[in-house]
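*Asks:* Here it is, the structure in full.
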Amino acid sequence: MSEKETITIEKATIWKFAFFAVLALFVVSLFTGGFGINAGTGNVVNTVTAPTPTGVAGASAVKITPSSDDPLLGDEDAKITVYEFSDFQCPYCSRAFTGAVTELKNSNAFKDGDVNFVYRHLPLNSIHPLAQKAAEASVCAQNQGKFWEYHDRLFLNQQSLDVASLKGHAVELGLNAADFNDCLDSGDGASKVAKDLKSATEAGGRGTPYFVVYNKNNGKTAAVSGAVPYVQIETAITSIK
């Protein structure tokens, strides 16, 4: 065998090992949610934080302040409120909408008036360019008393969040189109969205969805990150009773 032939075989062997190494890394990334590039930017489903009770010795406080302008679902006199900080363009928030949030609404604790649910805005504008106007649009729908209907429609039509589609959703839900369009075009909802963003920062939210559970009777809180199963939120509720 010549020297030239030997070199050719060695190069082929190297390329073969390199190909299989890259293939192995790709397969691993599929099962681990990627290489951590988007950590803290909404892709938090694989990096869930355990419920963190506060108001007890050694626990760090998760700050949350109730507000009368929050869209609330359930009994307003419930002892415990589950706050969700969410983004209408976030795929994990859509998963939470069809999963944990739906299970919460179907739970005995919710139906019996022990727990209610509040939605707050956390649009991740750096990676979800349509999230800000979608959030503002939901505020415009809230002004007409149809926040939850609009909220549900956006998550069920997550690929239709451009401004024209946002206005179309309002028409389909029977909202006053002129008032809605004026609200959306003028940015009237931006102040509410900014207020919620500030609240998310104070509560320690870095990605979406982010849940804060609050007991108004004793002031205790617990936080859960990610599109988690409802049982984790239920555990957080139990931890602050």
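By order in the structure tokens, chains are A, B, ...; within a chain, residues start at 1; ligands start at 1, following the order shown.
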With only C-alpha atoms as the counted atoms, please give the residues lying no more than 6 Å from A:Thr81, apart from itself and same-chain residues fewer than 5 positions off, as a compact mmCIF listing (two decimals) with C-alpha atoms, in the first residue's frame.
*Replies:*
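See part-v1.txt below for the written result:
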# COMPACT_ATOMS: atom_id res chain seq x y z
CA VAL A 115 -58.65 28.68 44.40
CA ASN A 116 -58.98 31.24 41.62
CA PHE A 117 -56.81 32.07 38.61
CA VAL A 213 -49.34 30.75 44.04
CA TYR A 214 -50.47 33.21 46.72
*Asks:* Could you pull out the residues in stretch 164-232 of chain A that DSSP calls strand (DSSP E or B) from the backbone, as a VMD selection string?
*Replies:* chain A and resid 210 to 215 221 to 225
*Asks:* Can those selected residues be exported to a file as a CSV table (one decimal), in the first residue's frame so that it contains N, CA and C atoms?
*Replies:*
chain,number,residue,atom,x,y,z
A,210,TYR,N,-44.8,31.0,33.9
A,210,TYR,CA,-44.3,31.1,35.3
A,210,TYR,C,-45.5,31.3,36.2
A,211,PHE,N,-45.6,30.5,37.2
A,211,PHE,CA,-46.8,30.5,38.1
A,211,PHE,C,-46.3,30.9,39.5
A,212,VAL,N,-47.1,31.8,40.1
A,212,VAL,CA,-46.9,32.2,41.5
A,212,VAL,C,-48.2,31.9,42.2
A,213,VAL,N,-48.2,31.1,43.3
A,213,VAL,CA,-49.3,30.8,44.0
A,213,VAL,C,-49.3,31.6,45.3
A,214,TYR,N,-50.4,32.2,45.6
A,214,TYR,CA,-50.5,33.2,46.7
A,214,TYR,C,-51.7,32.9,47.6
A,215,ASN,N,-51.4,32.8,48.9
A,215,ASN,CA,-52.4,32.7,50.0
A,215,ASN,C,-52.6,34.0,50.6
A,221,THR,N,-46.3,32.5,49.6
A,221,THR,CA,-46.3,32.3,48.2
A,221,THR,C,-45.4,31.1,47.8
A,222,ALA,N,-45.6,30.6,46.6
A,222,ALA,CA,-44.8,29.5,46.1
A,222,ALA,C,-44.7,29.8,44.6
A,223,ALA,N,-43.6,29.4,43.9
A,223,ALA,CA,-43.4,29.7,42.5
A,223,ALA,C,-43.1,28.3,41.8
A,224,VAL,N,-43.6,28.2,40.6
A,224,VAL,CA,-43.4,27.0,39.8
A,224,VAL,C,-43.1,27.5,38.3
A,225,SER,N,-42.0,27.1,37.7
A,225,SER,CA,-41.7,27.5,36.4
A,225,SER,C,-41.9,26.4,35.4
*Asks:* I'd like the neighbourhood of A:Leu154 as a list in words, where a residue qualifies if any of its atoms comes within 10 Å (using only C-alpha atoms), though same-chain residues fewer than 3 positions away should be ignored.
*Replies:* Phe88, Gln89, Ser94, Ala134, Ala135, Ala137, Ser138, Trp148, Glu149, Tyr150, His151, Asn157, Gln158, Gln159, Ser160, Leu161, Ser165, Leu166 and His169 of chain A
*Asks:* I'd like to know which of A:Ala227, A:Cys90, A:Cys140, A:Ala236 is closest to A:Asn125, using only C-alpha atoms.
*Replies:*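 Under the stated criterion, the closest residue is A:Cys90.
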*Asks:* Atom CA of A:Ala200 and atom CA of A:Ser239, how far apart in Å?
*Replies:*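 Computing it gives 21.2 Å between the two atoms.
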